[in-house]
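Data first, discussion second: the structure below is written as structure tokens.
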Amino acid sequence: MTSEIDSATGTSASVPARVWHFLRGPRFIDLPIRLLAFIMGLTILVPGSFEITEPRYAGLLILAYGLIVLAGFLPLSIVIASTGLGIAFSTLYPDLENMFPEALILATAVLISRRRWVGFALGTVGLAVYLGASTRLGSYDAGFEGLTDLGYGWLTYSILGLCASFVEARIRSEIDRRERAAVDHQKSLDAMRARFTSDMHDTISHSLTTESAIIRTLAKETDSESADRLLAELALVNAEATKRLRQLVTSLSRWETEACSGDSATSRVRFRAEAEQLTTAIEDGCAAGSVPLTTELSPLPTHATGTLSHHFRAVMLELATNVIRHSVPGTPATLAVEMRGERGDRAELLCRSTNESPTTLTKAPRSLSRRATAVGGVCRVDEDERRRTVVEVALPVRFVSPSAQATSAADMIDVVDDDFETSAVASRTEAPNAAAAGAESPLAEARSAGAPATDRSGDSVPDTSGATGLGSRGRRKKGDRKKVDA
């Protein structure tokens with residue numbers, strides 16, 4: 001509406017458009033008020049309007065009806081003019097009906113419709129002055145009868161004008177609300193477009209680059225065992241890329257809730273179903289590469305926040321990738337997930353890989369330690385009774401109070417460290433890279449350099465996360481949150 005008015009009043013607007021804008025006024029209620037004033041002015045054409053034929057009387061009566069028509073355009077000026085001319089008319093023709101008070105009352109009503117309280121008070125005082133002068137002169141509107149007649153008209157028109165002002169205010173507030181809603185909607189669309197552009201680019205570009213690196217290395221590989229490992233890694237990368245693309249399409253279909261805000265900390269995902277799909281994809285990928293990896297999944301909560309789901313998926317993929325890369329070929333390995341140590345609304349989500357390794361692992365993998373430390377968890381390394389390497393990542397979680405969709409408090413879990421959620425959302429553009437490649441994604445760099453990735457080896461990759469060995473959480477530092485591959 002504002003743009004239409006501005007365009008109509010612009011320099012390029014035609015003369016008829018400018019005239020129409022002047023006649024209808026800047027407010028929605030101006031046109032009905034001015035039409036009412038015009039109809040009242042036309043009553044001069046009714047037979048019997050002129051009580052005498054004197055030219056001066058006829059001129060004053062025509063002027064009074066003209067002021068009635070102009071009351072919708074210049075109300076304050078009409079109030080002043082009508083007061084003076086009304087007293088003058090009563091002095092000249094005390095026995096004839098005076099129409100100037102009608103213009104005064106209508107102009108006063110227009111002023112109150114515009115909420116010009118000083119002008120309304122001035123018009124009311126002018127009407128009182130006219131009634132006093134008429135009573136003193138003993139004219140047509142003198143005494144109690146004049147007070148009753150003009151007072152009723154003043155009250156009726158004032159109430160109508162006040163109601164019109166409320167209607168105008170309601171219309172304006174509704175326009176403002178819809179304009180704000182339109183702006184917010186456009187911002188949401190822009191945010192959604194930017195988010196999906198970034199996510200799609202990161203997911204497709206990184207996944208294709210990683211798969212291309214594995215395929216190039218696989219084409220040059222002559223050792224069947226190494227080829228099998230590469231096939232297993234390729235299957236995992238492909239499964240992760242497919243999963244993320246499916247999530248993006250699903251999020252696009254319901255962008256009003258999660259996609260607009262882009263807040264993975266408050267989003268709600270089906271955690272148990274996602275964990276089952278992830279373990280199945282890991283088993284299928286390892287089977288494609290002839291890696292005997294089995295998964296064990298204990299009962300898990302039905303739902304989780306997007307932040308926890310993201311870290312869980314990245315941890316599981318990195319554990320599986322490390323097993324594929326560093327386990328003894330042909331030996332069985334396991335990947336287990338369980339909830340442990342439930343105390344009130346707190347517990348631990350435990351992800352553990354067990355496999356035979358050709359070398360002893362003395363330090364926790366760097367990227368796993370970073371991710372666990374950033375959310376208040378710990379990555380531990382140990383050996384079982386069969387001298388197999390055990391890598392265990394414990395993520396502290398809390399049970400979220402039931403939401404509008406959840407049925408119980410134990411139905412949804414979240415990470416304990418709430419401070420990390422902001423940095424996790426802020427670094428969303430890096431998240432697809434870490435999740436798809438197994439946290440730090442050293443594969444392409446390692447393959448191009450001709451050297452194997454040594455993320456599982458504490459001697460080859462320095463541990464900068466501050467995490468120590470089994471049973472030690474290490475000292476958490478503020479900078480650790482910025483180091484996490486999220």
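Note on naming: chains are A, B, ... as they come in the structure tokens, residues start from 1 per chain, ligands start from 1 in the order shown.
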| task | DSSP on the backbone, then: every residue of range 166-333 of chain A marked helix (DSSP H, G or I), written as a ChimeraX atom specification. | result | /A:166-220,224-253,255-261,271-288,306-326
| query | Which residues, written as a list in words, have at least one atom at most 7 Å from range 136-151 of chain A, with only C-alpha atoms counted and residues fewer than 5 positions away on the same chain left out? | reply |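 Those residues are Ser90, Pro94, Asp95, Leu96, Glu97 and Leu131 of chain A.
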With 12 Å as the cut-off and only C-alpha atoms counted, what is the closest atom pair between each nearby residue of range 353-373 of chain A and range 279-296 of chain A? Distances in Å to one decimal, ordered by chain and number, as a Markdown table.
| residue | atom | partner | partner_atom | distance |
| --- | --- | --- | --- | --- |
| A:Ser353 | CA | A:Thr295 | CA | 9.1 |
| A:Thr354 | CA | A:Leu293 | CA | 9.4 |
| A:Asn355 | CA | A:Leu293 | CA | 8.8 |
| A:Glu356 | CA | A:Leu293 | CA | 11.4 |
| Please, what distance in Å, to one decimal, runs between CA of Leu349 in chain A and CA of Pro301 in chain A? | 10.3 Å
| query | Can you list, as a list in words, every protein, DNA or RNA residue that comes within 9 Å of Thr217 in chain A when you count only C-alpha atoms, leaving out same-chain residues fewer than 2 positions away? | reply |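 Answer for this query is Ser212, Ala213, Ile214, Ile215, Ala219, Lys220, Glu221, Ala227, Leu230, Arg447 and Ser448 of chain A.
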| task | May I ask which of the residues A:Ser134, A:Thr222, A:Ser369, A:Ser49 is the closest one to Leu92 in chain A, counting only C-alpha atoms? | result | A:Ser134
| query | What lies within 8 Å of range 156-158 of chain A using only C-alpha atoms, ignoring chain neighbours under 4 positions off, as a ChimeraX atom specification? | reply | /A:105-106,108-109,112,152,162
| field | Val323 in chain A environment, 12 Å, only C-alpha atoms, sequence neighbours closer than 5 positions dropped, as a PyMOL selection string | value | chain A and resi 229+232-233+282-283+286+291-294+316-318+328-335+352-358+365+388-391+438+454-456
| task | Write out as a count of residues only the residues lying within 10 Å of range 36-41 of chain A, counting only C-alpha atoms and excluding same-chain residues fewer than 6 positions away. | result | 16
Shell around range 269-272 of chain A at 12 Å using only C-alpha atoms, local window under 5 positions removed, as a PDB file with N, CA and C atoms, in the first residue's frame:
ATOM      1  N   GLN A 247      18.928 -36.389   3.962  1.00  0.00           N
ATOM      2  CA  GLN A 247      18.576 -35.461   5.045  1.00  0.00           C
ATOM      3  C   GLN A 247      18.313 -34.056   4.516  1.00  0.00           C
ATOM      4  N   THR A 250      14.912 -34.031   2.858  1.00  0.00           N
ATOM      5  CA  THR A 250      13.857 -34.084   3.871  1.00  0.00           C
ATOM      6  C   THR A 250      13.723 -32.749   4.583  1.00  0.00           C
ATOM      7  N   SER A 251      14.860 -32.140   4.923  1.00  0.00           N
ATOM      8  CA  SER A 251      14.822 -30.836   5.584  1.00  0.00           C
ATOM      9  C   SER A 251      14.245 -29.770   4.677  1.00  0.00           C
ATOM     10  N   GLU A 258      12.833 -26.474  10.776  1.00  0.00           N
ATOM     11  CA  GLU A 258      14.266 -26.602  11.064  1.00  0.00           C
ATOM     12  C   GLU A 258      15.130 -25.870  10.068  1.00  0.00           C
ATOM     13  N   SER A 264      20.717 -26.742  14.549  1.00  0.00           N
ATOM     14  CA  SER A 264      20.793 -28.175  14.759  1.00  0.00           C
ATOM     15  C   SER A 264      20.743 -28.540  16.224  1.00  0.00           C
ATOM     16  N   GLN A 277      20.256 -47.473  11.055  1.00  0.00           N
ATOM     17  CA  GLN A 277      20.620 -47.296   9.651  1.00  0.00           C
ATOM     18  C   GLN A 277      22.127 -47.124   9.488  1.00  0.00           C
ATOM     19  N   LEU A 278      22.741 -46.386  10.410  1.00  0.00           N
ATOM     20  CA  LEU A 278      24.178 -46.146  10.318  1.00  0.00           C
ATOM     21  C   LEU A 278      24.970 -47.441  10.505  1.00  0.00           C
ATOM     22  N   THR A 279      24.628 -48.227  11.518  1.00  0.00           N
ATOM     23  CA  THR A 279      25.353 -49.481  11.738  1.00  0.00           C
ATOM     24  C   THR A 279      25.151 -50.448  10.580  1.00  0.00           C
ATOM     25  N   LEU A 297      24.338 -53.093  18.846  1.00  0.00           N
ATOM     26  CA  LEU A 297      23.561 -51.905  19.176  1.00  0.00           C
ATOM     27  C   LEU A 297      22.642 -52.216  20.343  1.00  0.00           C
ATOM     28  N   SER A 298      22.893 -51.574  21.485  1.00  0.00           N
ATOM     29  CA  SER A 298      22.037 -51.738  22.658  1.00  0.00           C
ATOM     30  C   SER A 298      20.815 -50.828  22.525  1.00  0.00           C
ATOM     31  N   PRO A 299      19.773 -51.029  23.351  1.00  0.00           N
ATOM     32  CA  PRO A 299      18.600 -50.142  23.293  1.00  0.00           C
ATOM     33  C   PRO A 299      18.997 -48.683  23.531  1.00  0.00           C
ATOM     34  N   LEU A 300      18.548 -47.820  22.650  1.00  0.00           N
ATOM     35  CA  LEU A 300      18.887 -46.396  22.693  1.00  0.00           C
ATOM     36  C   LEU A 300      17.616 -45.558  22.772  1.00  0.00           C
ATOM     37  N   PRO A 301      17.725 -44.308  23.248  1.00  0.00           N
ATOM     38  CA  PRO A 301      16.552 -43.417  23.247  1.00  0.00           C
ATOM     39  C   PRO A 301      15.999 -43.220  21.839  1.00  0.00           C
ATOM     40  N   THR A 302      14.731 -42.934  21.774  1.00  0.00           N
ATOM     41  CA  THR A 302      14.071 -42.816  20.473  1.00  0.00           C
ATOM     42  C   THR A 302      14.532 -41.584  19.709  1.00  0.00           C
ATOM     43  N   HIS A 303      14.718 -40.461  20.410  1.00  0.00           N
ATOM     44  CA  HIS A 303      15.055 -39.212  19.736  1.00  0.00           C
ATOM     45  C   HIS A 303      16.309 -38.589  20.345  1.00  0.00           C
ATOM     46  N   ALA A 304      16.903 -37.676  19.592  1.00  0.00           N
ATOM     47  CA  ALA A 304      18.066 -36.909  20.053  1.00  0.00           C
ATOM     48  C   ALA A 304      18.086 -35.581  19.311  1.00  0.00           C
ATOM     49  N   THR A 305      18.855 -34.642  19.832  1.00  0.00           N
ATOM     50  CA  THR A 305      19.006 -33.360  19.140  1.00  0.00           C
ATOM     51  C   THR A 305      19.946 -33.521  17.952  1.00  0.00           C
ATOM     52  N   GLY A 306      19.882 -32.546  17.047  1.00  0.00           N
ATOM     53  CA  GLY A 306      20.728 -32.603  15.874  1.00  0.00           C
ATOM     54  C   GLY A 306      22.212 -32.552  16.206  1.00  0.00           C
ATOM     55  N   THR A 307      22.573 -31.807  17.254  1.00  0.00           N
ATOM     56  CA  THR A 307      23.984 -31.712  17.637  1.00  0.00           C
ATOM     57  C   THR A 307      24.536 -33.070  18.069  1.00  0.00           C
ATOM     58  N   LEU A 308      23.807 -33.750  18.956  1.00  0.00           N
ATOM     59  CA  LEU A 308      24.258 -35.057  19.410  1.00  0.00           C
ATOM     60  C   LEU A 308      24.296 -36.049  18.262  1.00  0.00           C
ATOM     61  N   SER A 309      23.267 -36.036  17.410  1.00  0.00           N
ATOM     62  CA  SER A 309      23.229 -36.958  16.279  1.00  0.00           C
ATOM     63  C   SER A 309      24.414 -36.737  15.345  1.00  0.00           C
ATOM     64  N   HIS A 310      24.777 -35.482  15.139  1.00  0.00           N
ATOM     65  CA  HIS A 310      25.907 -35.177  14.272  1.00  0.00           C
ATOM     66  C   HIS A 310      27.212 -35.748  14.839  1.00  0.00           C
ATOM     67  N   HIS A 311      27.457 -35.531  16.125  1.00  0.00           N
ATOM     68  CA  HIS A 311      28.702 -36.040  16.725  1.00  0.00           C
ATOM     69  C   HIS A 311      28.712 -37.566  16.800  1.00  0.00           C
ATOM     70  N   PHE A 312      27.591 -38.147  17.115  1.00  0.00           N
ATOM     71  CA  PHE A 312      27.518 -39.607  17.157  1.00  0.00           C
ATOM     72  C   PHE A 312      27.850 -40.206  15.793  1.00  0.00           C
ATOM     73  N   ARG A 313      27.293 -39.642  14.761  1.00  0.00           N
ATOM     74  CA  ARG A 313      27.539 -40.171  13.416  1.00  0.00           C
ATOM     75  C   ARG A 313      29.009 -40.016  13.024  1.00  0.00           C
ATOM     76  N   VAL A 337      27.642 -49.919  20.453  1.00  0.00           N
ATOM     77  CA  VAL A 337      27.047 -48.675  20.939  1.00  0.00           C
ATOM     78  C   VAL A 337      26.116 -49.034  22.091  1.00  0.00           C
ATOM     79  N   GLU A 338      26.248 -48.293  23.200  1.00  0.00           N
ATOM     80  CA  GLU A 338      25.378 -48.560  24.346  1.00  0.00           C
ATOM     81  C   GLU A 338      25.256 -47.310  25.213  1.00  0.00           C
ATOM     82  N   MET A 339      24.164 -47.275  25.992  1.00  0.00           N
ATOM     83  CA  MET A 339      23.960 -46.258  27.026  1.00  0.00           C
ATOM     84  C   MET A 339      24.447 -46.830  28.340  1.00  0.00           C
ATOM     85  N   LEU A 349      26.829 -41.930  26.457  1.00  0.00           N
ATOM     86  CA  LEU A 349      26.641 -42.655  25.210  1.00  0.00           C
ATOM     87  C   LEU A 349      28.010 -43.189  24.806  1.00  0.00           C
ATOM     88  N   GLN A 405       6.322 -32.997  21.012  1.00  0.00           N
ATOM     89  CA  GLN A 405       6.142 -34.256  20.312  1.00  0.00           C
ATOM     90  C   GLN A 405       6.557 -35.441  21.160  1.00  0.00           C
ATOM     91  N   ALA A 406       7.500 -35.228  22.106  1.00  0.00           N
ATOM     92  CA  ALA A 406       8.002 -36.351  22.888  1.00  0.00           C
ATOM     93  C   ALA A 406       6.963 -36.814  23.890  1.00  0.00           C
ATOM     94  N   ASP A 411      12.770 -39.850  26.337  1.00  0.00           N
ATOM     95  CA  ASP A 411      12.557 -40.089  24.923  1.00  0.00           C
ATOM     96  C   ASP A 411      13.546 -39.333  24.053  1.00  0.00           C
ATOM     97  N   MET A 412      14.295 -38.361  24.607  1.00  0.00           N
ATOM     98  CA  MET A 412      15.181 -37.520  23.817  1.00  0.00           C
ATOM     99  C   MET A 412      16.414 -37.164  24.633  1.00  0.00           C
ATOM    100  N   ILE A 413      17.579 -37.196  23.995  1.00  0.00           N
ATOM    101  CA  ILE A 413      18.831 -36.891  24.678  1.00  0.00           C
ATOM    102  C   ILE A 413      19.556 -35.793  23.924  1.00  0.00           C
ATOM    103  N   ASP A 414      20.465 -35.127  24.648  1.00  0.00           N
ATOM    104  CA  ASP A 414      21.241 -34.032  24.089  1.00  0.00           C
ATOM    105  C   ASP A 414      22.614 -34.073  24.736  1.00  0.00           C
TER     106      ASP A 414
END
| field | For CA of Lys363 in chain A and CA of Ala314 in chain A, the interatomic separation in Å (one decimal) | value | 19.5 Å
| request: State, in Å with one decimal place, the distance from CA of Asp190 in chain A to CA of Leu208 in chain A. | output: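 Taking CA of Asp190 in chain A and CA of Leu208 in chain A, their separation equals 26.6 Å.
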